[in-house]
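Next comes start_9.csv, a file with CSV, N, CA and C atoms.
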chain,number,residue,atom,x,y,z
R,1,MET,N,83.1,166.5,141.2
R,1,MET,CA,82.2,165.3,141.5
R,1,MET,C,82.4,164.9,142.9
R,2,GLU,N,81.3,164.8,143.6
R,2,GLU,CA,81.3,164.4,145.0
R,2,GLU,C,81.3,162.9,145.1
R,3,ILE,N,82.1,162.4,146.0
R,3,ILE,CA,82.2,160.9,146.2
R,3,ILE,C,81.4,160.6,147.4
R,4,GLU,N,80.4,159.7,147.2
R,4,GLU,CA,79.5,159.3,148.3
R,4,GLU,C,80.4,158.6,149.4
R,5,GLY,N,80.1,159.0,150.7
R,5,GLY,CA,80.8,158.5,151.8
R,5,GLY,C,82.2,159.0,152.1
R,6,LYS,N,82.7,159.9,151.2
R,6,LYS,CA,84.0,160.4,151.4
R,6,LYS,C,84.0,161.3,152.7
R,7,LYS,N,85.1,161.1,153.5
R,7,LYS,CA,85.2,161.8,154.8
R,7,LYS,C,86.0,163.0,154.6
R,8,GLU,N,85.9,163.9,155.6
R,8,GLU,CA,86.7,165.1,155.7
R,8,GLU,C,88.2,164.8,155.8
R,9,GLU,N,89.0,165.8,155.4
R,9,GLU,CA,90.4,165.7,155.5
R,9,GLU,C,90.8,165.4,157.0
R,10,CYS,N,91.8,164.6,157.1
R,10,CYS,CA,92.3,164.2,158.5
R,10,CYS,C,93.7,164.6,158.6
R,11,SER,N,94.1,165.1,159.8
R,11,SER,CA,95.5,165.5,159.9
R,11,SER,C,96.4,164.2,160.1
R,12,PHE,N,97.7,164.4,159.8
R,12,PHE,CA,98.6,163.3,160.0
R,12,PHE,C,98.7,162.9,161.5
R,13,ASP,N,98.6,163.9,162.4
R,13,ASP,CA,98.6,163.6,163.8
R,13,ASP,C,97.4,162.8,164.2
R,14,ASN,N,96.3,163.0,163.6
R,14,ASN,CA,95.1,162.2,163.9
R,14,ASN,C,95.3,160.7,163.5
R,15,PHE,N,95.9,160.6,162.3
R,15,PHE,CA,96.2,159.2,161.9
R,15,PHE,C,97.2,158.5,162.8
R,16,MET,N,98.3,159.3,163.2
R,16,MET,CA,99.3,158.7,164.0
R,16,MET,C,98.8,158.3,165.4
R,17,ALA,N,97.7,158.9,165.8
R,17,ALA,CA,97.1,158.6,167.1
R,17,ALA,C,96.5,157.2,167.1
R,18,LEU,N,96.3,156.6,166.0
R,18,LEU,CA,95.7,155.2,165.9
R,18,LEU,C,96.9,154.2,166.0
R,19,ASP,N,96.6,153.2,166.9
R,19,ASP,CA,97.6,152.1,167.0
R,19,ASP,C,97.0,150.9,166.2
R,20,ILE,N,97.6,150.8,165.0
R,20,ILE,CA,97.1,149.8,164.1
R,20,ILE,C,98.1,148.7,164.1
R,21,ARG,N,97.7,147.4,164.3
R,21,ARG,CA,98.7,146.3,164.5
R,21,ARG,C,98.2,145.1,163.7
R,22,THR,N,99.2,144.2,163.5
R,22,THR,CA,98.9,142.9,162.9
R,22,THR,C,98.5,141.9,164.0
R,23,GLY,N,97.7,141.0,163.7
R,23,GLY,CA,97.3,139.9,164.7
R,23,GLY,C,96.9,138.7,163.9
R,24,THR,N,96.7,137.6,164.7
R,24,THR,CA,96.3,136.3,164.1
R,24,THR,C,95.0,135.9,164.9
R,25,ILE,N,94.0,135.5,164.1
R,25,ILE,CA,92.8,135.0,164.7
R,25,ILE,C,93.0,133.6,165.3
R,26,ILE,N,92.8,133.4,166.6
R,26,ILE,CA,93.0,132.1,167.2
R,26,ILE,C,91.7,131.4,167.6
R,27,GLU,N,90.6,132.2,167.6
R,27,GLU,CA,89.3,131.6,167.9
R,27,GLU,C,88.2,132.4,167.2
R,28,ALA,N,87.2,131.7,166.7
R,28,ALA,CA,86.0,132.4,166.1
R,28,ALA,C,84.8,131.7,166.4
R,29,GLU,N,83.8,132.4,166.9
R,29,GLU,CA,82.5,131.8,167.3
R,29,GLU,C,81.3,132.6,166.9
R,30,ASP,N,80.2,132.0,166.7
R,30,ASP,CA,79.0,132.7,166.4
R,30,ASP,C,78.6,133.7,167.5
R,31,PHE,N,78.0,134.8,167.1
R,31,PHE,CA,77.6,135.9,168.0
R,31,PHE,C,76.1,136.1,167.8
R,32,PRO,N,75.2,135.2,168.3
R,32,PRO,CA,73.8,135.3,168.0
R,32,PRO,C,73.1,136.6,168.6
R,33,LYS,N,73.7,137.2,169.7
R,33,LYS,CA,73.1,138.3,170.3
R,33,LYS,C,73.4,139.6,169.6
R,34,ALA,N,74.3,139.6,168.6
R,34,ALA,CA,74.6,140.8,167.8
R,34,ALA,C,73.4,141.2,167.0
R,35,LYS,N,73.1,142.5,166.8
R,35,LYS,CA,72.0,143.0,165.9
R,35,LYS,C,72.2,142.5,164.5
R,36,ARG,N,73.4,142.6,164.0
R,36,ARG,CA,73.7,142.2,162.6
R,36,ARG,C,74.6,141.0,162.7
R,37,PRO,N,74.5,140.0,161.7
R,37,PRO,CA,75.3,138.8,161.8
R,37,PRO,C,76.8,139.1,162.0
R,38,ALA,N,77.4,138.5,163.0
R,38,ALA,CA,78.8,138.7,163.4
R,38,ALA,C,79.4,137.5,164.0
R,39,TYR,N,80.7,137.5,164.1
R,39,TYR,CA,81.4,136.5,164.9
R,39,TYR,C,82.1,137.2,166.0
R,40,LYS,N,82.3,136.5,167.1
R,40,LYS,CA,83.2,136.9,168.2
R,40,LYS,C,84.6,136.3,167.8
R,41,LEU,N,85.6,137.2,167.8
R,41,LEU,CA,87.0,136.7,167.4
R,41,LEU,C,87.9,136.9,168.6
R,42,LYS,N,88.8,136.0,168.8
R,42,LYS,CA,89.9,136.1,169.7
R,42,LYS,C,91.2,136.2,168.9
R,43,ILE,N,91.9,137.3,169.1
R,43,ILE,CA,93.1,137.6,168.2
R,43,ILE,C,94.3,137.8,169.1
R,44,ASP,N,95.4,137.1,168.6
R,44,ASP,CA,96.7,137.2,169.2
R,44,ASP,C,97.5,138.4,168.6
R,45,PHE,N,97.8,139.4,169.4
R,45,PHE,CA,98.6,140.5,169.0
R,45,PHE,C,100.0,140.5,169.6
R,46,GLY,N,100.6,139.3,169.8
R,46,GLY,CA,102.0,139.1,170.2
R,46,GLY,C,102.1,139.7,171.6
R,47,GLN,N,103.1,140.7,171.8
R,47,GLN,CA,103.4,141.3,173.1
R,47,GLN,C,102.3,142.1,173.6
R,48,LEU,N,101.3,142.5,172.8
R,48,LEU,CA,100.2,143.2,173.3
R,48,LEU,C,99.1,142.3,173.9
R,49,GLY,N,99.3,141.0,173.7
R,49,GLY,CA,98.4,140.0,174.3
R,49,GLY,C,97.3,139.6,173.4
R,50,ILE,N,96.3,139.0,174.0
R,50,ILE,CA,95.1,138.5,173.2
R,50,ILE,C,94.0,139.5,173.5
R,51,LYS,N,93.3,139.9,172.4
R,51,LYS,CA,92.2,140.8,172.5
R,51,LYS,C,91.0,140.2,171.7
R,52,VAL,N,89.8,140.6,172.1
R,52,VAL,CA,88.6,140.1,171.5
R,52,VAL,C,87.9,141.2,170.7
R,53,SER,N,87.2,140.7,169.7
R,53,SER,CA,86.5,141.7,168.8
R,53,SER,C,85.2,141.0,168.2
R,54,SER,N,84.2,141.9,167.9
R,54,SER,CA,83.1,141.4,167.2
R,54,SER,C,83.3,141.9,165.8
R,55,ALA,N,83.1,141.0,164.8
R,55,ALA,CA,83.3,141.4,163.4
R,55,ALA,C,82.1,140.9,162.5
R,56,GLN,N,81.6,141.8,161.7
R,56,GLN,CA,80.5,141.5,160.8
R,56,GLN,C,81.0,141.0,159.5
R,57,ILE,N,81.6,139.8,159.5
R,57,ILE,CA,82.3,139.3,158.4
R,57,ILE,C,81.7,137.9,158.0
R,58,THR,N,80.4,137.7,158.4
R,58,THR,CA,79.8,136.3,158.1
R,58,THR,C,79.5,136.1,156.7
R,59,LYS,N,79.4,137.1,155.9
R,59,LYS,CA,79.0,136.9,154.5
R,59,LYS,C,80.1,136.2,153.6
R,60,LEU,N,81.3,136.6,153.9
R,60,LEU,CA,82.4,136.0,153.1
R,60,LEU,C,83.2,135.0,153.8
R,61,TYR,N,83.1,134.8,155.1
R,61,TYR,CA,84.0,134.0,155.9
R,61,TYR,C,83.3,133.0,156.8
R,62,LYS,N,83.7,131.7,156.7
R,62,LYS,CA,83.2,130.7,157.7
R,62,LYS,C,84.2,130.8,158.9
R,63,LYS,N,83.6,130.6,160.1
R,63,LYS,CA,84.4,130.8,161.3
R,63,LYS,C,85.6,129.8,161.3
R,64,GLU,N,85.4,128.6,160.8
R,64,GLU,CA,86.5,127.6,160.8
R,64,GLU,C,87.7,128.0,159.9
R,65,ASP,N,87.4,128.8,158.8
R,65,ASP,CA,88.4,129.3,157.9
R,65,ASP,C,89.1,130.5,158.4
R,66,LEU,N,88.6,131.1,159.5
R,66,LEU,CA,89.3,132.3,160.1
R,66,LEU,C,90.4,132.0,161.0
R,67,ILE,N,90.5,130.8,161.5
R,67,ILE,CA,91.5,130.4,162.5
R,67,ILE,C,92.9,130.4,161.7
R,68,GLY,N,93.8,131.2,162.3
R,68,GLY,CA,95.1,131.3,161.7
R,68,GLY,C,95.3,132.4,160.7
R,69,ARG,N,94.2,133.1,160.4
R,69,ARG,CA,94.2,134.2,159.4
R,69,ARG,C,94.8,135.4,160.1
R,70,ARG,N,95.8,136.0,159.4
R,70,ARG,CA,96.4,137.2,159.9
R,70,ARG,C,95.5,138.4,159.5
R,71,ILE,N,95.3,139.3,160.4
R,71,ILE,CA,94.4,140.5,160.2
R,71,ILE,C,95.1,141.7,160.6
R,72,ILE,N,94.5,142.9,160.4
R,72,ILE,CA,95.0,144.2,160.8
R,72,ILE,C,93.8,144.8,161.6
R,73,ALA,N,94.2,145.4,162.8
R,73,ALA,CA,93.2,146.0,163.6
R,73,ALA,C,93.7,147.2,164.3
R,74,VAL,N,92.7,148.1,164.7
R,74,VAL,CA,93.0,149.2,165.6
R,74,VAL,C,92.9,148.7,167.0
R,75,VAL,N,94.0,148.9,167.8
R,75,VAL,CA,94.0,148.3,169.1
R,75,VAL,C,93.9,149.3,170.3
R,76,ASN,N,93.8,150.6,170.0
R,76,ASN,CA,93.8,151.6,171.1
R,76,ASN,C,92.5,152.3,171.2
R,77,PHE,N,91.4,151.8,170.7
R,77,PHE,CA,90.1,152.4,170.9
R,77,PHE,C,89.6,151.9,172.3
R,78,PRO,N,88.7,152.6,173.0
R,78,PRO,CA,88.2,152.1,174.2
R,78,PRO,C,87.3,150.9,173.9
R,79,LYS,N,87.1,150.0,174.9
R,79,LYS,CA,86.2,148.9,174.8
R,79,LYS,C,84.8,149.4,174.4
R,80,LYS,N,84.2,148.6,173.5
R,80,LYS,CA,82.8,149.0,173.0
R,80,LYS,C,81.9,147.8,173.3
R,81,GLN,N,80.8,148.1,174.0
R,81,GLN,CA,79.8,147.0,174.3
R,81,GLN,C,78.9,146.8,173.1
R,82,ILE,N,78.9,145.5,172.7
R,82,ILE,CA,78.0,145.1,171.7
R,82,ILE,C,77.1,144.0,172.3
R,83,ALA,N,75.9,144.2,172.5
R,83,ALA,CA,75.0,143.3,173.2
R,83,ALA,C,75.7,143.0,174.6
R,84,ASN,N,76.0,141.7,174.9
R,84,ASN,CA,76.6,141.3,176.1
R,84,ASN,C,78.1,141.1,176.0
R,85,PHE,N,78.7,141.7,175.0
R,85,PHE,CA,80.1,141.4,174.7
R,85,PHE,C,80.9,142.8,174.6
R,86,PHE,N,82.1,142.8,175.1
R,86,PHE,CA,82.9,144.0,175.1
R,86,PHE,C,84.0,143.8,174.0
R,87,SER,N,84.0,144.5,172.9
R,87,SER,CA,85.0,144.4,171.9
R,87,SER,C,86.1,145.3,172.3
R,88,GLU,N,87.4,144.7,172.1
R,88,GLU,CA,88.6,145.4,172.6
R,88,GLU,C,89.4,146.0,171.4
R,89,CYS,N,89.0,145.7,170.2
R,89,CYS,CA,89.8,146.2,169.1
R,89,CYS,C,88.8,146.2,167.9
R,90,LEU,N,89.3,147.0,166.8
R,90,LEU,CA,88.5,147.1,165.6
R,90,LEU,C,89.2,146.4,164.5
R,91,VAL,N,88.7,145.3,164.0
R,91,VAL,CA,89.3,144.6,162.9
R,91,VAL,C,88.9,145.4,161.6
R,92,LEU,N,89.9,145.6,160.8
R,92,LEU,CA,89.8,146.5,159.6
R,92,LEU,C,89.4,145.6,158.4
R,93,GLY,N,88.5,146.2,157.6
R,93,GLY,CA,88.1,145.5,156.3
R,93,GLY,C,87.6,146.5,155.3
R,94,ALA,N,87.6,146.1,154.1
R,94,ALA,CA,87.1,146.9,153.0
R,94,ALA,C,85.6,146.5,152.9
R,95,VAL,N,84.7,147.5,153.0
R,95,VAL,CA,83.3,147.3,152.9
R,95,VAL,C,82.8,147.5,151.4
R,96,LYS,N,82.3,146.4,150.8
R,96,LYS,CA,81.9,146.5,149.5
R,96,LYS,C,80.4,147.1,149.4
R,97,ASP,N,80.0,147.5,148.2
R,97,ASP,CA,78.7,148.1,148.1
R,97,ASP,C,77.6,147.2,148.6
R,98,ASN,N,77.7,145.9,148.5
R,98,ASN,CA,76.7,145.0,148.9
R,98,ASN,C,76.8,144.6,150.4
R,99,GLY,N,77.7,145.3,151.1
R,99,GLY,CA,77.8,145.1,152.6
R,99,GLY,C,78.8,144.0,153.0
R,100,GLU,N,79.3,143.3,152.0
R,100,GLU,CA,80.4,142.3,152.4
R,100,GLU,C,81.6,143.0,152.8
R,101,VAL,N,82.3,142.4,153.8
R,101,VAL,CA,83.5,143.0,154.4
R,101,VAL,C,84.7,142.0,154.0
R,102,VAL,N,85.7,142.6,153.3
R,102,VAL,CA,86.9,141.9,153.0
R,102,VAL,C,87.9,142.2,154.0
R,103,LEU,N,88.4,141.3,154.8
R,103,LEU,CA,89.4,141.5,155.8
R,103,LEU,C,90.7,142.1,155.2
R,104,LEU,N,91.3,143.1,155.9
R,104,LEU,CA,92.6,143.6,155.5
R,104,LEU,C,93.6,142.7,156.1
R,105,THR,N,94.7,142.4,155.4
R,105,THR,CA,95.7,141.5,155.8
R,105,THR,C,97.0,141.9,155.2
R,106,THR,N,98.1,141.2,155.6
R,106,THR,CA,99.4,141.4,155.0
R,106,THR,C,99.7,140.3,154.0
R,107,LYS,N,100.3,140.6,152.9
R,107,LYS,CA,100.7,139.6,151.9
R,107,LYS,C,101.9,138.8,152.4
R,108,GLU,N,102.9,139.5,153.0
R,108,GLU,CA,104.1,138.8,153.5
R,108,GLU,C,103.8,138.4,155.0
R,109,GLU,N,104.6,137.4,155.4
R,109,GLU,CA,104.5,137.0,156.8
R,109,GLU,C,105.1,138.1,157.7
R,110,CYS,N,104.5,138.3,158.9
R,110,CYS,CA,105.1,139.2,159.9
R,110,CYS,C,104.6,138.8,161.2
R,111,GLU,N,105.3,139.1,162.3
R,111,GLU,CA,104.9,138.7,163.6
R,111,GLU,C,103.6,139.4,164.0
R,112,ASN,N,103.0,138.8,165.0
R,112,ASN,CA,101.8,139.4,165.6
R,112,ASN,C,102.2,140.7,166.4
R,113,GLY,N,101.4,141.7,166.3
R,113,GLY,CA,101.7,142.9,167.0
R,113,GLY,C,102.5,144.0,166.3
R,114,VAL,N,102.9,143.7,165.1
R,114,VAL,CA,103.7,144.6,164.3
R,114,VAL,C,102.9,145.9,164.0
R,115,SER,N,103.4,147.1,164.2
R,115,SER,CA,102.7,148.3,164.0
R,115,SER,C,102.6,148.6,162.5
R,116,ILE,N,101.4,149.1,162.1
R,116,ILE,CA,101.1,149.6,160.8
R,116,ILE,C,101.2,151.1,160.8
R,117,GLY,N,101.9,151.7,159.8
R,117,GLY,CA,102.0,153.1,159.8
R,117,GLY,C,102.5,153.6,158.5

Do you think you could lay out the structure here as structure tokens?
Amino acid sequence: MEIEGKKEECSFDNFMALDIRTGTIIEAEDFPKAKRPAYKLKIDFGQLGIKVSSAQITKLYKKEDLIGRRIIAVVNFPKKQIANFFSECLVLGAVKDNGEVVLLTTKEECENGVSIG
């Protein structure tokens, strides 16, 4: 049985090339210039500093409820221009069939900038 959307096998080295870290959202604002509804997020990654990202998470999250939420993101992609904004990291989430994105987070408390692997 073929699974829709299943990607090709990836090497462990490819996975290890990703720098995936914990962070805390410290600001969230509307992003009206984005093609699809999104927020601009400012995220604290501890010793890595503060990075910004555009995230299409408006269906499940109100921007005021995002402040202080711990997230997981890829922090070593090159900057990506989205309209007039440069996203510096990719916030990770589970994409449901209806397009809603559920943010990935940690259950236990941990510091900002902790490596995921």

Under the rule that only C-alpha atoms are counted, which of R:Thr22, R:Lys35, R:Ala83, R:Leu60 is the nearest residue to Asn98 in chain R? R:Leu60

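Counting from CA of Ile72 in chain R, the distance to CA of Ser11 in chain R is 21.3 Å.
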
Which one is closest to Ala28 in chain R: R:Glu64, R:Glu88, R:Glu9, R:Asp44? Count all atoms listed in the file. R:Glu64

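Among the candidates R:Gly46, R:Ala73, R:Ile26, R:Asp13, the residue lying nearest to Asn112 in chain R is R:Gly46 (atoms considered: only C-alpha atoms).
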
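Minimum atom-to-atom distance to Ser53 in chain R, evaluated using only C-alpha atoms, belongs to R:Cys89 out of R:Cys89, R:Ile71, R:Leu103, R:Ile116.
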
Could you pull out all residues of chain R with a DSSP call of strand (DSSP E) and give them as an MDAnalysis selection string? chainID R and resid 20:30 39:44 50:55 70:74 80:82 85:87 90:91 93:95 101:103 115:116

Centre and edge lengths, as AutoDock Vina command-line options, for the axis-aligned box enclosing every listed atom of range 60-67 of chain R with 6 Å of padding on each of the six sides, in Å to one decimal?
--center_x 87.1 --center_y 132.1 --center_z 157.8 --size_x 23.6 --size_y 21.0 --size_z 21.4

Sphere at (80.6, 139.8, 160.5), radius 9 Å, counting only C-alpha atoms: residues as a ChimeraX atom specification: /R:31,36-40,54-61,100-101

Which parts of range 4-90 of chain R does DSSP call alpha helix (DSSP H) when run on the backbone here, written out as a ChimeraX atom specification? /R:12-16,63-66

Selection: 7 Å around Lys63 in chain R, only N, CA and C atoms, excl. self and same-chain fewer than 4 positions, as a PyMOL selection string: chain R and resi 27-30+67

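Minimum distance to Val52 in chain R across R:Lys33, R:Ser87, R:Gly68, R:Leu18 (counting only C-alpha atoms) occurs at R:Ser87.
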
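Distances here use all atoms listed in the file; by that measure, the residue among R:Ala34, R:Phe86, R:Ile20, R:Lys79 closest to Ser115 in chain R is R:Ile20.
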
Using atom N of Arg69 in chain R and CA of Asn14 in chain R as the two end points, give the distance in Å to one decimal. 29.3 Å

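Separating CA of Leu66 in chain R from CA of Leu41 in chain R is a distance of 8.8 Å.
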
Please return range 48-72 of chain R, rebuilt to N, CA, C and O atoms, as a PDB file, in the coordinates of the input.
ATOM      1  N   LEU R  48     101.300 142.500 172.800  1.00  0.00           N
ATOM      2  CA  LEU R  48     100.200 143.200 173.300  1.00  0.00           C
ATOM      3  C   LEU R  48      99.100 142.300 173.900  1.00  0.00           C
ATOM      4  O   LEU R  48      98.197 142.726 174.570  1.00  0.00           O
ATOM      5  N   GLY R  49      99.300 141.000 173.700  1.00  0.00           N
ATOM      6  CA  GLY R  49      98.400 140.000 174.300  1.00  0.00           C
ATOM      7  C   GLY R  49      97.300 139.600 173.400  1.00  0.00           C
ATOM      8  O   GLY R  49      97.257 139.952 172.170  1.00  0.00           O
ATOM      9  N   ILE R  50      96.300 139.000 174.000  1.00  0.00           N
ATOM     10  CA  ILE R  50      95.100 138.500 173.200  1.00  0.00           C
ATOM     11  C   ILE R  50      94.000 139.500 173.500  1.00  0.00           C
ATOM     12  O   ILE R  50      93.706 139.924 174.590  1.00  0.00           O
ATOM     13  N   LYS R  51      93.300 139.900 172.400  1.00  0.00           N
ATOM     14  CA  LYS R  51      92.200 140.800 172.500  1.00  0.00           C
ATOM     15  C   LYS R  51      91.000 140.200 171.700  1.00  0.00           C
ATOM     16  O   LYS R  51      91.169 139.320 170.862  1.00  0.00           O
ATOM     17  N   VAL R  52      89.800 140.600 172.100  1.00  0.00           N
ATOM     18  CA  VAL R  52      88.600 140.100 171.500  1.00  0.00           C
ATOM     19  C   VAL R  52      87.900 141.200 170.700  1.00  0.00           C
ATOM     20  O   VAL R  52      88.025 142.345 170.988  1.00  0.00           O
ATOM     21  N   SER R  53      87.200 140.700 169.700  1.00  0.00           N
ATOM     22  CA  SER R  53      86.500 141.700 168.800  1.00  0.00           C
ATOM     23  C   SER R  53      85.200 141.000 168.200  1.00  0.00           C
ATOM     24  O   SER R  53      85.176 139.830 168.035  1.00  0.00           O
ATOM     25  N   SER R  54      84.200 141.900 167.900  1.00  0.00           N
ATOM     26  CA  SER R  54      83.100 141.400 167.200  1.00  0.00           C
ATOM     27  C   SER R  54      83.300 141.900 165.800  1.00  0.00           C
ATOM     28  O   SER R  54      83.636 143.076 165.551  1.00  0.00           O
ATOM     29  N   ALA R  55      83.100 141.000 164.800  1.00  0.00           N
ATOM     30  CA  ALA R  55      83.300 141.400 163.400  1.00  0.00           C
ATOM     31  C   ALA R  55      82.100 140.900 162.500  1.00  0.00           C
ATOM     32  O   ALA R  55      81.769 139.750 162.566  1.00  0.00           O
ATOM     33  N   GLN R  56      81.600 141.800 161.700  1.00  0.00           N
ATOM     34  CA  GLN R  56      80.500 141.500 160.800  1.00  0.00           C
ATOM     35  C   GLN R  56      81.000 141.000 159.500  1.00  0.00           C
ATOM     36  O   GLN R  56      80.974 141.680 158.470  1.00  0.00           O
ATOM     37  N   ILE R  57      81.600 139.800 159.500  1.00  0.00           N
ATOM     38  CA  ILE R  57      82.300 139.300 158.400  1.00  0.00           C
ATOM     39  C   ILE R  57      81.700 137.900 158.000  1.00  0.00           C
ATOM     40  O   ILE R  57      82.347 137.117 157.285  1.00  0.00           O
ATOM     41  N   THR R  58      80.400 137.700 158.400  1.00  0.00           N
ATOM     42  CA  THR R  58      79.800 136.300 158.100  1.00  0.00           C
ATOM     43  C   THR R  58      79.500 136.100 156.700  1.00  0.00           C
ATOM     44  O   THR R  58      79.282 134.912 156.301  1.00  0.00           O
ATOM     45  N   LYS R  59      79.400 137.100 155.900  1.00  0.00           N
ATOM     46  CA  LYS R  59      79.000 136.900 154.500  1.00  0.00           C
ATOM     47  C   LYS R  59      80.100 136.200 153.600  1.00  0.00           C
ATOM     48  O   LYS R  59      79.762 135.412 152.763  1.00  0.00           O
ATOM     49  N   LEU R  60      81.300 136.600 153.900  1.00  0.00           N
ATOM     50  CA  LEU R  60      82.400 136.000 153.100  1.00  0.00           C
ATOM     51  C   LEU R  60      83.200 135.000 153.800  1.00  0.00           C
ATOM     52  O   LEU R  60      84.007 134.247 153.145  1.00  0.00           O
ATOM     53  N   TYR R  61      83.100 134.800 155.100  1.00  0.00           N
ATOM     54  CA  TYR R  61      84.000 134.000 155.900  1.00  0.00           C
ATOM     55  C   TYR R  61      83.300 133.000 156.800  1.00  0.00           C
ATOM     56  O   TYR R  61      82.329 133.382 157.445  1.00  0.00           O
ATOM     57  N   LYS R  62      83.700 131.700 156.700  1.00  0.00           N
ATOM     58  CA  LYS R  62      83.200 130.700 157.700  1.00  0.00           C
ATOM     59  C   LYS R  62      84.200 130.800 158.900  1.00  0.00           C
ATOM     60  O   LYS R  62      85.379 130.948 158.729  1.00  0.00           O
ATOM     61  N   LYS R  63      83.600 130.600 160.100  1.00  0.00           N
ATOM     62  CA  LYS R  63      84.400 130.800 161.300  1.00  0.00           C
ATOM     63  C   LYS R  63      85.600 129.800 161.300  1.00  0.00           C
ATOM     64  O   LYS R  63      86.695 130.170 161.715  1.00  0.00           O
ATOM     65  N   GLU R  64      85.400 128.600 160.800  1.00  0.00           N
ATOM     66  CA  GLU R  64      86.500 127.600 160.800  1.00  0.00           C
ATOM     67  C   GLU R  64      87.700 128.000 159.900  1.00  0.00           C
ATOM     68  O   GLU R  64      88.824 127.671 160.061  1.00  0.00           O
ATOM     69  N   ASP R  65      87.400 128.800 158.800  1.00  0.00           N
ATOM     70  CA  ASP R  65      88.400 129.300 157.900  1.00  0.00           C
ATOM     71  C   ASP R  65      89.100 130.500 158.400  1.00  0.00           C
ATOM     72  O   ASP R  65      90.149 130.914 157.848  1.00  0.00           O
ATOM     73  N   LEU R  66      88.600 131.100 159.500  1.00  0.00           N
ATOM     74  CA  LEU R  66      89.300 132.300 160.100  1.00  0.00           C
ATOM     75  C   LEU R  66      90.400 132.000 161.000  1.00  0.00           C
ATOM     76  O   LEU R  66      91.349 132.808 161.138  1.00  0.00           O
ATOM     77  N   ILE R  67      90.500 130.800 161.500  1.00  0.00           N
ATOM     78  CA  ILE R  67      91.500 130.400 162.500  1.00  0.00           C
ATOM     79  C   ILE R  67      92.900 130.400 161.700  1.00  0.00           C
ATOM     80  O   ILE R  67      93.016 129.804 160.687  1.00  0.00           O
ATOM     81  N   GLY R  68      93.800 131.200 162.300  1.00  0.00           N
ATOM     82  CA  GLY R  68      95.100 131.300 161.700  1.00  0.00           C
ATOM     83  C   GLY R  68      95.300 132.400 160.700  1.00  0.00           C
ATOM     84  O   GLY R  68      96.363 132.680 160.214  1.00  0.00           O
ATOM     85  N   ARG R  69      94.200 133.100 160.400  1.00  0.00           N
ATOM     86  CA  ARG R  69      94.200 134.200 159.400  1.00  0.00           C
ATOM     87  C   ARG R  69      94.800 135.400 160.100  1.00  0.00           C
ATOM     88  O   ARG R  69      94.433 135.810 161.148  1.00  0.00           O
ATOM     89  N   ARG R  70      95.800 136.000 159.400  1.00  0.00           N
ATOM     90  CA  ARG R  70      96.400 137.200 159.900  1.00  0.00           C
ATOM     91  C   ARG R  70      95.500 138.400 159.500  1.00  0.00           C
ATOM     92  O   ARG R  70      95.057 138.495 158.343  1.00  0.00           O
ATOM     93  N   ILE R  71      95.300 139.300 160.400  1.00  0.00           N
ATOM     94  CA  ILE R  71      94.400 140.500 160.200  1.00  0.00           C
ATOM     95  C   ILE R  71      95.100 141.700 160.600  1.00  0.00           C
ATOM     96  O   ILE R  71      96.211 141.696 161.195  1.00  0.00           O
ATOM     97  N   ILE R  72      94.500 142.900 160.400  1.00  0.00           N
ATOM     98  CA  ILE R  72      95.000 144.200 160.800  1.00  0.00           C
ATOM     99  C   ILE R  72      93.800 144.800 161.600  1.00  0.00           C
ATOM    100  O   ILE R  72      92.668 144.762 161.215  1.00  0.00           O
TER     101      ILE R  72
END
